[in-house]
Each structure stands twice: as C-alpha cells, then as structure tokens.
file model10.cif (mmCIF, C-alpha atoms and all ligand atoms)
data_model
loop_
_atom_site.label_atom_id
_atom_site.label_comp_id
_atom_site.auth_asym_id
_atom_site.auth_seq_id
_atom_site.Cartn_x
_atom_site.Cartn_y
_atom_site.Cartn_z
CA MET A 1 14.52 -23.66 -37.98
CA SER A 2 15.56 -25.68 -34.98
CA ILE A 3 12.86 -26.86 -32.60
CA LEU A 4 15.35 -25.90 -29.88
CA LYS A 5 14.73 -22.22 -30.63
CA LYS A 6 14.85 -20.45 -27.29
CA LYS A 7 11.40 -19.89 -25.84
CA ARG A 8 10.48 -16.34 -24.87
CA ALA A 9 10.50 -15.88 -21.05
CA MET A 10 7.01 -15.58 -19.60
CA ILE A 11 5.92 -11.97 -19.05
CA SER A 12 3.84 -11.70 -15.89
CA TYR A 13 1.44 -8.84 -14.99
CA GLY A 14 3.89 -7.64 -12.35
CA ARG A 15 7.30 -8.39 -10.90
CA GLN A 16 10.09 -6.90 -8.79
CA THR A 17 12.94 -4.70 -10.03
CA VAL A 18 16.01 -5.53 -7.93
CA ASN A 19 19.56 -4.39 -8.66
CA GLU A 20 23.06 -4.92 -7.25
CA GLN A 21 22.71 -1.94 -4.89
CA ASP A 22 19.71 -3.65 -3.25
CA VAL A 23 21.74 -6.86 -2.93
CA GLU A 24 24.71 -4.97 -1.43
CA ALA A 25 22.42 -3.18 1.03
CA ALA A 26 21.02 -6.49 2.31
CA VAL A 27 24.47 -8.09 2.50
CA SER A 28 25.96 -5.20 4.47
CA VAL A 29 23.26 -5.56 7.14
CA LEU A 30 23.86 -9.31 7.27
CA ARG A 31 27.51 -8.53 8.02
CA SER A 32 26.57 -6.10 10.81
CA SER A 33 25.67 -6.84 14.44
CA MET A 34 21.91 -6.15 14.26
CA ILE A 35 19.93 -7.91 11.57
CA THR A 36 16.56 -7.12 13.17
CA GLN A 37 15.35 -4.48 15.69
CA GLY A 38 18.37 -2.39 14.70
CA PRO A 39 18.92 1.10 13.30
CA VAL A 40 18.06 0.43 9.63
CA VAL A 41 14.33 -0.06 10.37
CA GLU A 42 14.25 3.48 11.75
CA GLU A 43 16.27 4.75 8.81
CA PHE A 44 13.69 3.24 6.41
CA GLU A 45 10.90 4.84 8.48
CA ARG A 46 12.61 8.26 8.32
CA GLU A 47 13.02 7.90 4.55
CA LEU A 48 9.35 6.97 4.14
CA CYS A 49 8.40 10.11 6.11
CA ALA A 50 10.71 12.25 3.96
CA TYR A 51 9.22 10.81 0.78
CA THR A 52 5.53 10.97 1.71
CA GLY A 53 5.60 14.06 3.91
CA ALA A 54 4.03 12.22 6.86
CA LYS A 55 5.26 12.89 10.40
CA TYR A 56 5.53 9.24 11.43
CA ALA A 57 6.03 5.87 9.72
CA VAL A 58 5.90 2.38 11.21
CA CYS A 59 7.31 -0.51 9.17
CA CYS A 60 6.03 -4.02 9.63
CA SER A 61 6.15 -7.52 8.22
CA ASN A 62 3.69 -7.12 5.30
CA GLY A 63 0.82 -5.01 3.99
CA THR A 64 -1.81 -7.22 5.60
CA ALA A 65 -0.14 -6.82 9.01
CA ALA A 66 0.01 -3.06 8.35
CA LEU A 67 -3.75 -2.99 7.70
CA HIS A 68 -4.38 -5.03 10.85
CA LEU A 69 -2.19 -2.67 12.92
CA ALA A 70 -4.01 0.35 11.50
CA VAL A 71 -7.46 -1.03 12.31
CA LEU A 72 -6.28 -1.96 15.83
CA ALA A 73 -4.72 1.47 16.40
CA ALA A 74 -7.95 3.11 15.20
CA GLY A 75 -9.61 1.30 18.08
CA LEU A 76 -11.99 -0.90 16.09
CA GLY A 77 -13.24 -4.14 17.58
CA PRO A 78 -16.43 -6.18 18.09
CA GLY A 79 -19.52 -4.04 17.47
CA ASP A 80 -17.71 -1.68 15.08
CA GLY A 81 -17.93 -1.61 11.31
CA ALA A 82 -15.42 -0.68 8.61
CA LEU A 83 -16.53 0.44 5.16
CA THR A 84 -14.44 -0.48 2.12
CA THR A 85 -14.74 -1.27 -1.58
CA PRO A 86 -15.61 -4.74 -2.89
CA LEU A 87 -12.97 -4.20 -5.60
CA THR A 88 -9.88 -4.95 -3.54
CA PHE A 89 -7.62 -7.71 -2.34
CA VAL A 90 -9.34 -9.67 0.42
CA ALA A 91 -6.80 -8.46 3.01
CA THR A 92 -8.47 -5.02 3.23
CA ALA A 93 -11.76 -6.45 4.52
CA ASN A 94 -10.05 -9.25 6.46
CA SER A 95 -8.06 -6.73 8.50
CA ALA A 96 -11.31 -5.41 10.00
CA LEU A 97 -12.45 -8.99 10.69
CA PHE A 98 -9.17 -9.81 12.49
CA THR A 99 -10.12 -7.27 15.19
CA GLY A 100 -13.70 -8.53 15.53
CA ALA A 101 -15.10 -5.58 13.55
CA THR A 102 -17.50 -6.16 10.64
CA PRO A 103 -16.58 -5.23 7.06
CA TYR A 104 -19.18 -3.37 4.95
CA PHE A 105 -18.96 -2.53 1.27
CA SER A 106 -20.14 0.28 -0.94
CA ASP A 107 -20.06 0.21 -4.75
CA ILE A 108 -17.35 1.68 -6.98
CA ASP A 109 -17.30 4.68 -9.28
CA PRO A 110 -17.72 3.22 -12.79
CA VAL A 111 -14.93 5.38 -14.24
CA THR A 112 -12.20 5.46 -11.58
CA HIS A 113 -13.09 2.05 -10.05
CA ASN A 114 -12.50 3.55 -6.59
CA LEU A 115 -15.09 3.92 -3.80
CA ASP A 116 -17.81 6.28 -5.01
CA PRO A 117 -18.19 9.02 -2.37
CA SER A 118 -21.80 9.63 -3.48
CA THR A 119 -22.85 6.09 -2.46
CA ILE A 120 -20.89 6.04 0.80
CA GLU A 121 -23.39 8.10 2.78
CA SER A 122 -26.36 5.80 2.22
CA THR A 123 -24.25 2.84 3.38
CA LEU A 124 -23.21 4.83 6.46
CA ASP A 125 -26.84 5.75 7.17
CA ALA A 126 -27.88 2.10 6.95
CA HIS A 127 -25.07 0.93 9.28
CA PRO A 128 -24.45 3.41 12.11
CA GLU A 129 -21.91 1.00 13.67
CA ILE A 130 -19.44 1.87 10.87
CA SER A 131 -16.65 3.87 12.49
CA ALA A 132 -13.96 3.78 9.80
CA ILE A 133 -13.72 4.20 6.03
CA MET A 134 -10.98 2.27 4.22
CA PRO A 135 -10.61 3.56 0.65
CA VAL A 136 -8.36 1.58 -1.72
CA HIS A 137 -6.45 3.39 -4.47
CA PHE A 138 -7.24 0.82 -7.14
CA ALA A 139 -4.42 0.16 -9.64
CA GLY A 140 -2.49 3.07 -8.10
CA LEU A 141 -5.02 5.79 -8.93
CA PRO A 142 -5.82 7.79 -5.77
CA SER A 143 -9.42 7.80 -4.52
CA ASP A 144 -11.37 11.05 -4.16
CA MET A 145 -9.84 11.64 -0.73
CA ALA A 146 -11.03 15.23 -0.33
CA SER A 147 -14.68 14.07 -0.54
CA ILE A 148 -14.11 11.00 1.63
CA GLY A 149 -12.25 13.10 4.19
CA GLU A 150 -15.09 15.63 4.28
CA ILE A 151 -17.68 12.89 4.94
CA ALA A 152 -15.47 11.34 7.64
CA THR A 153 -14.87 14.65 9.41
CA ARG A 154 -18.58 15.52 9.37
CA ARG A 155 -19.49 12.10 10.82
CA SER A 156 -16.45 11.70 13.14
CA LEU A 157 -15.15 8.58 11.38
CA ARG A 158 -11.60 7.29 11.06
CA VAL A 159 -10.08 7.06 7.57
CA ILE A 160 -7.47 4.38 6.79
CA GLU A 161 -6.14 4.51 3.22
CA ASP A 162 -5.21 1.14 1.76
CA ALA A 163 -2.47 2.51 -0.49
CA CYS A 164 -0.86 -0.87 -1.17
CA HIS A 165 -1.10 0.02 -4.90
CA ALA A 166 -0.22 3.65 -4.55
CA LEU A 167 3.20 4.43 -3.06
CA GLY A 168 4.51 7.23 -5.30
CA ALA A 169 1.06 8.48 -6.36
CA GLU A 170 -0.26 12.00 -5.75
CA GLU A 171 -3.80 12.99 -4.81
CA ALA A 172 -5.63 16.25 -5.49
CA THR A 173 -6.13 18.67 -2.59
CA VAL A 174 -9.12 20.99 -2.11
CA ASP A 175 -6.97 24.07 -2.78
CA GLY A 176 -6.17 22.78 -6.26
CA GLY A 177 -2.75 21.40 -5.34
CA VAL A 178 -1.44 17.86 -4.95
CA ALA A 179 -0.22 15.84 -1.97
CA LYS A 180 1.75 12.61 -1.91
CA VAL A 181 -0.27 9.54 -1.02
CA GLY A 182 0.98 8.71 2.48
CA ALA A 183 0.96 12.35 3.64
CA CYS A 184 -2.41 11.53 5.28
CA THR A 185 -3.83 14.85 4.10
CA TYR A 186 -7.42 13.54 4.42
CA SER A 187 -6.87 10.40 6.48
CA ASP A 188 -5.68 9.19 9.87
CA MET A 189 -3.36 6.53 8.50
CA THR A 190 -2.08 5.27 5.14
CA VAL A 191 -1.04 1.66 4.59
CA PHE A 192 1.60 0.39 2.12
CA SER A 193 2.81 -3.04 0.99
CA PHE A 194 6.31 -3.94 -0.19
CA HIS A 195 5.37 -7.24 -1.83
CA PRO A 196 7.42 -7.87 -5.01
CA VAL A 197 4.68 -6.65 -7.39
CA LYS A 198 4.16 -3.32 -5.55
CA SER A 199 5.88 0.08 -6.16
CA ILE A 200 8.97 -0.95 -4.16
CA THR A 201 9.77 -4.28 -2.52
CA THR A 202 11.46 -5.69 0.56
CA GLY A 203 10.44 -9.27 -0.32
CA GLU A 204 7.59 -9.13 2.16
CA GLY A 205 6.99 -5.89 4.02
CA GLY A 206 4.57 -3.12 4.85
CA ALA A 207 4.28 0.28 6.53
CA ILE A 208 1.76 2.70 7.99
CA THR A 209 2.19 6.48 7.89
CA THR A 210 0.35 8.93 10.16
CA ASN A 211 0.58 12.48 11.51
CA ASP A 212 -0.99 11.52 14.86
CA ALA A 213 1.48 10.91 17.72
CA GLU A 214 -0.99 8.78 19.69
CA LEU A 215 -1.74 6.48 16.72
CA TYR A 216 2.01 6.24 16.09
CA GLU A 217 2.65 4.99 19.64
CA ARG A 218 -0.16 2.45 19.38
CA LEU A 219 1.05 1.15 16.02
CA LYS A 220 4.54 0.60 17.45
CA SER A 221 3.14 -1.10 20.54
CA PHE A 222 0.84 -3.48 18.59
CA ARG A 223 3.74 -4.31 16.22
CA ASN A 224 5.79 -5.61 19.12
CA HIS A 225 3.57 -7.68 21.47
CA GLY A 226 1.91 -4.64 23.05
CA MET A 227 5.15 -3.99 24.94
CA ARG A 228 6.11 -0.51 26.09
CA LYS A 229 8.72 0.93 28.41
CA PRO A 230 6.90 3.25 30.86
CA VAL A 231 7.93 6.90 30.59
CA GLY A 232 10.65 7.69 33.14
CA GLU A 233 11.41 3.99 33.80
CA SER A 234 15.11 3.64 34.64
CA ARG A 235 15.45 -0.16 34.95
CA ARG A 236 17.04 -1.24 31.67
CA TRP A 237 15.33 -4.65 31.63
CA PHE A 238 11.79 -3.52 32.52
CA TYR A 239 8.87 -3.35 30.10
CA GLU A 240 5.14 -3.62 30.41
CA VAL A 241 2.69 -5.53 28.21
CA GLU A 242 -0.19 -3.09 27.97
CA ALA A 243 -2.22 -4.66 25.15
CA LEU A 244 -2.54 -7.85 23.11
CA GLY A 245 0.04 -7.23 20.42
CA TYR A 246 1.78 -9.24 17.73
CA ASN A 247 5.19 -9.84 16.24
CA TYR A 248 4.73 -7.88 13.03
CA ARG A 249 8.30 -6.56 12.86
CA LEU A 250 10.29 -5.94 9.68
CA THR A 251 13.98 -6.96 9.74
CA ASP A 252 16.90 -4.60 9.18
CA ILE A 253 17.89 -6.77 6.20
CA GLN A 254 14.54 -6.01 4.56
CA SER A 255 14.64 -2.36 5.64
CA ALA A 256 18.02 -1.90 3.94
CA ILE A 257 16.52 -3.22 0.70
CA GLY A 258 13.61 -0.81 1.23
CA VAL A 259 15.91 2.21 1.68
CA SER A 260 17.78 1.26 -1.48
CA GLN A 261 14.56 0.69 -3.47
CA LEU A 262 13.00 3.95 -2.26
CA ARG A 263 15.86 5.89 -3.90
CA ARG A 264 14.64 4.61 -7.28
CA LEU A 265 10.90 4.94 -6.61
CA ASP A 266 10.36 8.04 -8.75
CA PHE A 267 12.18 6.37 -11.63
CA PHE A 268 10.03 3.24 -11.17
CA ILE A 269 6.80 5.28 -11.34
CA GLU A 270 8.07 7.23 -14.34
CA ARG A 271 8.80 3.99 -16.23
CA ARG A 272 5.40 2.54 -15.27
CA SER A 273 3.67 5.67 -16.60
CA GLU A 274 5.58 5.43 -19.91
CA ILE A 275 4.33 1.85 -20.35
CA ALA A 276 0.77 2.91 -19.43
CA ALA A 277 0.97 5.68 -22.05
CA GLN A 278 2.08 3.11 -24.67
CA TYR A 279 -0.95 0.93 -23.85
CA ASP A 280 -3.27 3.98 -23.82
CA ARG A 281 -2.15 4.89 -27.34
CA ALA A 282 -2.38 1.33 -28.65
CA PHE A 283 -5.81 0.48 -27.23
CA GLY A 284 -7.53 3.85 -26.76
CA SER A 285 -9.69 3.68 -29.88
CA HIS A 286 -10.26 -0.08 -30.05
CA PRO A 287 -14.03 -0.79 -30.10
CA LEU A 288 -13.76 -3.82 -27.77
CA LEU A 289 -11.40 -2.28 -25.21
CA THR A 290 -11.67 0.26 -22.40
CA THR A 291 -8.29 1.52 -21.22
CA ALA A 292 -7.20 2.37 -17.66
CA PRO A 293 -8.76 5.63 -16.42
CA THR A 294 -6.85 8.84 -15.85
CA VAL A 295 -8.03 11.69 -13.62
CA GLU A 296 -7.03 15.32 -14.23
CA GLY A 297 -4.70 16.64 -11.52
CA VAL A 298 -4.04 13.20 -10.00
CA LYS A 299 -0.87 11.13 -10.45
CA SER A 300 -1.27 7.36 -10.52
CA ALA A 301 1.43 4.98 -9.31
CA HIS A 302 0.36 2.64 -12.18
CA HIS A 303 0.58 -0.45 -10.01
CA LEU A 304 -1.69 -2.27 -12.48
CA TYR A 305 -2.75 -1.65 -16.05
CA PRO A 306 -6.39 -2.78 -15.89
CA ILE A 307 -8.14 -3.04 -19.22
CA GLU A 308 -11.77 -3.95 -19.83
CA ILE A 309 -12.48 -6.33 -22.70
CA ASP A 310 -15.98 -6.78 -24.07
CA PHE A 311 -15.64 -10.56 -24.21
CA SER A 312 -19.19 -11.22 -25.42
CA ALA A 313 -18.84 -8.78 -28.34
CA ALA A 314 -15.41 -10.29 -29.08
CA GLY A 315 -17.02 -13.73 -29.16
CA ILE A 316 -14.50 -15.37 -26.81
CA SER A 317 -14.49 -16.30 -23.16
CA ARG A 318 -11.96 -14.85 -20.72
CA GLU A 319 -10.51 -18.36 -20.32
CA GLU A 320 -9.92 -18.61 -24.08
CA TRP A 321 -8.38 -15.12 -24.07
CA PHE A 322 -6.00 -16.13 -21.25
CA SER A 323 -4.94 -19.21 -23.30
CA ARG A 324 -4.25 -17.03 -26.32
CA MET A 325 -2.10 -14.71 -24.22
CA GLU A 326 -0.29 -17.60 -22.56
CA ALA A 327 0.48 -19.07 -25.98
CA ARG A 328 2.36 -15.81 -26.59
CA SER A 329 4.21 -16.09 -23.24
CA ILE A 330 2.06 -13.49 -21.46
CA LEU A 331 0.53 -14.09 -18.03
CA PRO A 332 -2.16 -11.48 -17.30
CA GLN A 333 -4.22 -11.54 -14.09
CA VAL A 334 -7.71 -10.50 -12.94
CA HIS A 335 -8.11 -7.75 -10.29
CA TYR A 336 -10.25 -8.54 -8.47
CA ILE A 337 -12.85 -11.16 -7.81
CA PRO A 338 -15.03 -8.81 -5.70
CA VAL A 339 -14.54 -9.60 -2.01
CA HIS A 340 -18.26 -10.09 -1.30
CA LEU A 341 -18.42 -12.91 -3.88
CA HIS A 342 -15.82 -15.07 -2.14
CA LYS A 343 -17.24 -18.21 -0.52
CA TYR A 344 -16.21 -17.18 3.01
CA TYR A 345 -17.90 -13.78 2.70
CA ARG A 346 -21.03 -15.17 1.04
CA GLU A 347 -21.47 -17.84 3.69
CA ARG A 348 -20.61 -15.69 6.70
CA PHE A 349 -22.42 -12.48 5.69
CA GLY A 350 -25.03 -13.63 3.17
CA PHE A 351 -23.69 -11.62 0.24
CA SER A 352 -24.71 -12.66 -3.25
CA VAL A 353 -24.35 -11.79 -6.92
CA GLY A 354 -26.00 -8.45 -7.64
CA ASP A 355 -25.15 -6.78 -4.31
CA PHE A 356 -22.56 -4.43 -5.88
CA PRO A 357 -23.40 -4.35 -9.60
CA ARG A 358 -20.74 -1.87 -10.73
CA ALA A 359 -17.88 -3.80 -9.13
CA GLU A 360 -19.32 -7.01 -10.59
CA ALA A 361 -19.68 -5.52 -14.09
CA PHE A 362 -16.07 -4.34 -13.98
CA TYR A 363 -14.89 -7.75 -12.73
CA ALA A 364 -16.65 -9.44 -15.67
CA LYS A 365 -14.47 -7.55 -18.17
CA GLU A 366 -11.25 -6.78 -16.34
CA VAL A 367 -7.78 -8.15 -17.11
CA SER A 368 -4.46 -6.70 -15.94
CA LEU A 369 -1.69 -6.41 -18.55
CA PRO A 370 2.04 -6.59 -17.72
CA ILE A 371 3.39 -3.36 -16.19
CA PHE A 372 6.58 -3.10 -14.13
CA PRO A 373 9.73 -0.96 -14.37
CA ASN A 374 11.89 -3.63 -16.03
CA LEU A 375 9.38 -4.35 -18.80
CA THR A 376 11.19 -3.34 -22.01
CA ASP A 377 9.68 -1.38 -24.90
CA VAL A 378 10.07 -4.52 -27.03
CA GLU A 379 8.12 -6.56 -24.47
CA ALA A 380 5.41 -3.89 -24.17
CA LYS A 381 5.09 -3.88 -27.97
CA HIS A 382 4.81 -7.67 -27.91
CA VAL A 383 1.97 -7.38 -25.34
CA VAL A 384 0.19 -4.82 -27.57
CA GLU A 385 0.47 -7.07 -30.63
CA ALA A 386 -0.71 -10.11 -28.67
CA VAL A 387 -3.78 -8.28 -27.31
CA LEU A 388 -4.72 -6.91 -30.75
CA ALA A 389 -4.21 -10.33 -32.38
CA SER A 390 -6.29 -12.06 -29.66
CA LEU A 391 -9.33 -9.97 -30.62
CA GLU A 392 -9.13 -10.30 -34.42
C1 LIG A 401 -0.94 -6.30 -1.76
C2 LIG A 401 -2.17 -5.77 -1.13
C3 LIG A 401 -2.45 -5.99 0.23
C4 LIG A 401 -1.67 -6.90 1.10
O1 LIG A 401 -0.32 -6.69 1.11
P1 LIG A 401 0.67 -7.89 1.52
O2 LIG A 401 1.98 -7.17 1.68
O3 LIG A 401 0.67 -8.86 0.38
O4 LIG A 401 0.19 -8.49 2.78
C5 LIG A 401 -3.57 -5.37 0.76
N1 LIG A 401 -4.38 -4.61 0.02
C6 LIG A 401 -4.16 -4.42 -1.30
C7 LIG A 401 -5.10 -3.55 -2.07
C8 LIG A 401 -3.05 -5.01 -1.91
O5 LIG A 401 -2.85 -4.84 -3.22
#
call {"tool": "encode", "arguments": {"input": "model10.cif", "output": "structure tokens", "more": "lines below"}}
Ligand SMILES: *Cc1c(COP(=O)(O)O)cnc(C)c1O
result
Amino acid sequence: MSILKKKRAMISYGRQTVNEQDVEAAVSVLRSSMITQGPVVEEFERELCAYTGAKYAVCCSNGTAALHLAVLAAGLGPGDGALTTPLTFVATANSALFTGATPYFSDIDPVTHNLDPSTIESTLDAHPEISAIMPVHFAGLPSDMASIGEIATRRSLRVIEDACHALGAEEATVDGGVAKVGACTYSDMTVFSFHPVKSITTGEGGAITTNDAELYERLKSFRNHGMRKPVGESRRWFYEVEALGYNYRLTDIQSAIGVSQLRRLDFFIERRSEIAAQYDRAFGSHPLLTTAPTVEGVKSAHHLYPIEIDFSAAGISREEWFSRMEARSILPQVHYIPVHLHKYYRERFGFSVGDFPRAEAFYAKEVSLPIFPNLTDVEAKHVVEAVLASLE
C-alpha cells in the first residue's frame, strides 16, 4: 500500500452547504446597480417573514449585531438586567453588556439543556432590575417558551429569543399546536445568525423578527446610524439622527445568498434530523453515552448533535478523546464553556465554579459530533464507528 494513499478530508462538527444557485444569486447582484441598501435585503426580509410567520424582519451584519439591536430596541441600558442561560455562546450575554445593561444567569434544565423556567423566578426575585429574558434554543431544540412567556407577561418583562441555533425549528403552543421559531408567539423579538455553521448562511449575517411595529422601526433605525426620515418630510436629501445607531447593515450580495439558501432550509433540517436519528440509534443504549434530548411535540433544527460522554467511567480525558477522534479525521467541538466561567465574566462579576452546577456538569461531559446537511451517510457511519472505537 502506498504511503501516498489519499488522506480522508477532516470532518468538522459543522459547515456550510452552498450550491451553484447560491453562487449565481450572489453573482447576479454583483452585476446589478445596487450591491448594498438595495431591494434584495427587503426581499430576504419578506421571505424570512413568510417562512417564520412573523410580521416584520430586519436583516443585519451578523447574529451578534442582531442581539445587540434587539437589546437596544427593547430599551435596555445602564441599570437594567437581562437574564439568560450560562450554556450559550458569549455573544448572548455580551449583547446586554454592549448597552450598559447587566447580564444575569439562571441554571439549565438537566434534560433539555435550555433555561429551566422553574429556576427563573427565584433569579428574577433576587434581581428586580432584570427587565428582559433571553432564552437560547440550545442545539436547535426550542426552549419552553409558553412557560417563559407566561412568566414574562405576569412580570411585564421583555423576551428576546436567541434562536441562532434554531431557524427551522418549531415550538409547542399552549393550545397543543406548534409555531415556527421566529413567529414570536411568546416573545417580543427572535434573533437569528447566518454564520456558516448555522441553519442557513450568508457568510456572515443575522436577522431579528418581531410582530411589534414600534420595535421594528427602532431596529431599522439602530441598524443604520439612528437615522430616520421624518414622516411627511418632502426634501429628498433630509434625514434626522434621532439615536446613537450603528452600521449593522447586510449587503444585497449576502441577502441574495440568504434568499437562495432559505429555499432549501426545510431540506437542510430534514437531512440534519436524519443524521441525528442515525446517531440516536447508534449511541442510545451505550452505557457511557447520553444522546441529544428530544421533546414530544417540538421540532429541533438540529444545529448541533451534543452528546455526553462519561469520561471518568471511560477512563480517558476529553483531550485524549479529541486526539483519538482527530486521528480518524474528525473534529468535534465543545458547546459551551459556560459564560460565567470565562475570565472576563469571573473578574468583572465575581462568578466562580459552582455557581450554575447543572450547566457545569453538562459542560464537563459534552462534545458536539459532526452534523450538517452535506454530511454523507458514509461519513456519519465513520463518525459512529470512531466514537464506539474511542470508548472500547
Ligand atoms: C452563532 C451564535 C451567536 C452569534 O452569531 P454570529 O452571527 O456569529 O455573530 C449568538 N448566539 C448563539 C447562541 C450562537 O450560536
């Protein structure tokens, strides 16, 4: 056997699925007269509304910018608090900090890994300055929005869903039905990311959906330097800067890719759920493994396939396990190092190990296996064999 035998391409935990139609869509905008601030941004926004069922959508430069816009539009600032989960990407909590508001955390449900509604109220009681709840649909599995929405309504709080994992997912409604994530059935705003590993991609990109006309106007204003044309103003050149805004715009080039990707979203989610089902079957009864949770009546977007490995019972460290996977051309990831354990958060807010024990216990065992629409059955089988072999 030749030593020049072709090496297997590395299989990462997530990656984009781009086809020639996406390429053509981008190229046709590049050949047009408006490559940014043109009509395709609005077309992408209309398509996002049609897909999610929300009244309004505002696209912007990335998911982090979308979170920042949402927190600004909700009116948070110095003296306010925002409650989120420690089991998220740091951008969720940072977006509150950007406005001068303070992030607070509440522990996760041990099964779904989402914010546990039953622990939210004691956190709210302890911190009356909290004026918004920011649930994260971890791995694409929707949070218990009906319960969170009920708490928020009773206490007059804003709800901003960080659905960066969950475009294409469906949440349960109180009447026993389902609603698309992004319809804002139990929230004021829902935030999405179009980073390459997410449900659809525009390279970088993000969006906020809402049913509230006033929030919609504020989101658009903050996206574009706080500029607005006064109602009834006839001078073509006149605008007013009414707030401190940003340049968080998405280009028409990116929006065209988004429109093209959105057409295949349901297929993408379907393929992700097939891969998840393969992993469920392969690992479901393994004594050292806990598979990704499913919730009756809820549809996950399967952004991640998080699996818990009992490393101490397996007798290997997570580092050693990663090396074994890498030796078989697989690049898993860990989601997430809980936000409160990051150096910046520990030093600024005095958090320490033990503050959110369920999120920390999950973090100690979690690894994310490859899941993305272009992952082939052969590759998924290879991942299964590698995981089983790594624990023998
Ligand atoms: C990806 C992600 C973000 C940030 O999105 P970007 O588009 O990368 O800025 C925020 N929150 C969560 C939960 C994410 O997964």
call {"tool": "atom_distance", "arguments": {"input": "model10.cif", "atom1": "CA of Glu326 (chain A)", "atom2": "CA of His137 (chain A)"}}
result
28.4 Å
call {"tool": "axis_aligned_box", "arguments": {"input": "model10.cif", "around": "ligand LIG 401 (chain A)", "padding_each_side": "3 Å", "output": "lines of an AutoDock Vina configuration file"}}
result
center_x = -1.6
center_y = -6.2
center_z = -0.2
size_x = 13.1
size_y = 11.3
size_z = 12.0
call {"tool": "residues_around", "arguments": {"input": "model10.cif", "residues": "Val41 (chain A)", "least_positions_apart": "2", "cutoff": "8 Å", "atoms": "all atoms listed in the file", "output": "list in words"}}
result
Thr36, Gln37, Gly38, Pro39, Glu43, Phe44, Glu45, Cys59, Leu250, Thr251, Asp252, Ser255 and Ala256 of chain A
call {"tool": "closest_residue", "arguments": {"input": "model10.cif", "among": "A:Asp162, A:Glu296, A:Glu150, A:Asp107", "to": "ligand LIG 401 (chain A)", "atoms": "all atoms listed in the file"}}
result
A:Asp162
call {"tool": "atom_distance", "arguments": {"input": "model10.cif", "atom1": "CA of Ala65 (chain A)", "atom2": "CA of Tyr248 (chain A)"}}
result
6.4 Å
call {"tool": "closest_atom_pairs", "arguments": {"input": "model10.cif", "of": "chain A", "to": "ligand LIG 401 (chain A)", "cutoff": "8 Å", "atoms": "all atoms listed in the file", "output": "JSON lines"}}
result
{"residue": "A:Ser61", "atom": "CA", "partner": "A:LIG401", "partner_atom": "O2", "distance": 7.8}
{"residue": "A:Asn62", "atom": "CA", "partner": "A:LIG401", "partner_atom": "O2", "distance": 4.0}
{"residue": "A:Gly63", "atom": "CA", "partner": "A:LIG401", "partner_atom": "O2", "distance": 3.4}
{"residue": "A:Thr64", "atom": "CA", "partner": "A:LIG401", "partner_atom": "O4", "distance": 3.7}
{"residue": "A:Ala65", "atom": "CA", "partner": "A:LIG401", "partner_atom": "O4", "distance": 6.5}
{"residue": "A:Ala66", "atom": "CA", "partner": "A:LIG401", "partner_atom": "O4", "distance": 7.8}
{"residue": "A:Leu67", "atom": "CA", "partner": "A:LIG401", "partner_atom": "C5", "distance": 7.3}
{"residue": "A:Thr88", "atom": "CA", "partner": "A:LIG401", "partner_atom": "C7", "distance": 5.2}
{"residue": "A:Phe89", "atom": "CA", "partner": "A:LIG401", "partner_atom": "C7", "distance": 4.9}
{"residue": "A:Val90", "atom": "CA", "partner": "A:LIG401", "partner_atom": "N1", "distance": 7.1}
{"residue": "A:Ala91", "atom": "CA", "partner": "A:LIG401", "partner_atom": "C5", "distance": 5.0}
{"residue": "A:Thr92", "atom": "CA", "partner": "A:LIG401", "partner_atom": "N1", "distance": 5.2}
{"residue": "A:Val136", "atom": "CA", "partner": "A:LIG401", "partner_atom": "C7", "distance": 6.1}
{"residue": "A:His137", "atom": "CA", "partner": "A:LIG401", "partner_atom": "C7", "distance": 7.5}
{"residue": "A:Phe138", "atom": "CA", "partner": "A:LIG401", "partner_atom": "C7", "distance": 7.0}
{"residue": "A:Asp162", "atom": "CA", "partner": "A:LIG401", "partner_atom": "C7", "distance": 6.1}
{"residue": "A:Ala163", "atom": "CA", "partner": "A:LIG401", "partner_atom": "C7", "distance": 6.8}
{"residue": "A:Cys164", "atom": "CA", "partner": "A:LIG401", "partner_atom": "C8", "distance": 4.7}
{"residue": "A:His165", "atom": "CA", "partner": "A:LIG401", "partner_atom": "O5", "distance": 5.4}
{"residue": "A:Phe192", "atom": "CA", "partner": "A:LIG401", "partner_atom": "O1", "distance": 7.4}
{"residue": "A:Ser193", "atom": "CA", "partner": "A:LIG401", "partner_atom": "O2", "distance": 4.3}
{"residue": "A:Phe194", "atom": "CA", "partner": "A:LIG401", "partner_atom": "O2", "distance": 5.7}
{"residue": "A:His195", "atom": "CA", "partner": "A:LIG401", "partner_atom": "O2", "distance": 4.9}
{"residue": "A:Val197", "atom": "CA", "partner": "A:LIG401", "partner_atom": "C1", "distance": 8.0}
{"residue": "A:Lys198", "atom": "CA", "partner": "A:LIG401", "partner_atom": "C1", "distance": 7.0}
{"residue": "A:Glu204", "atom": "CA", "partner": "A:LIG401", "partner_atom": "O2", "distance": 6.0}
{"residue": "A:Gly205", "atom": "CA", "partner": "A:LIG401", "partner_atom": "O2", "distance": 5.7}
{"residue": "A:Gly206", "atom": "CA", "partner": "A:LIG401", "partner_atom": "O2", "distance": 5.8}
call {"tool": "closest_atom_pairs", "arguments": {"input": "model10.cif", "of": "region 187-289 of chain A", "to": "region 8-25 of chain A", "cutoff": "8 Å", "atoms": "only C-alpha atoms", "output": "Markdown table"}}
result
| residue | atom | partner | partner_atom | distance |
| --- | --- | --- | --- | --- |
| A:Pro196 | CA | A:Gln16 | CA | 4.7 |
| A:Val197 | CA | A:Arg15 | CA | 4.7 |
| A:Lys198 | CA | A:Gln16 | CA | 7.6 |
| A:Ile200 | CA | A:Gln16 | CA | 7.6 |
| A:Thr201 | CA | A:Gln16 | CA | 6.8 |
| A:Ile253 | CA | A:Ala25 | CA | 7.8 |
| A:Ala256 | CA | A:Ala25 | CA | 5.4 |
| A:Ile257 | CA | A:Asp22 | CA | 5.1 |
| A:Ser260 | CA | A:Asp22 | CA | 5.6 |
| A:Gln261 | CA | A:Asp22 | CA | 6.7 |
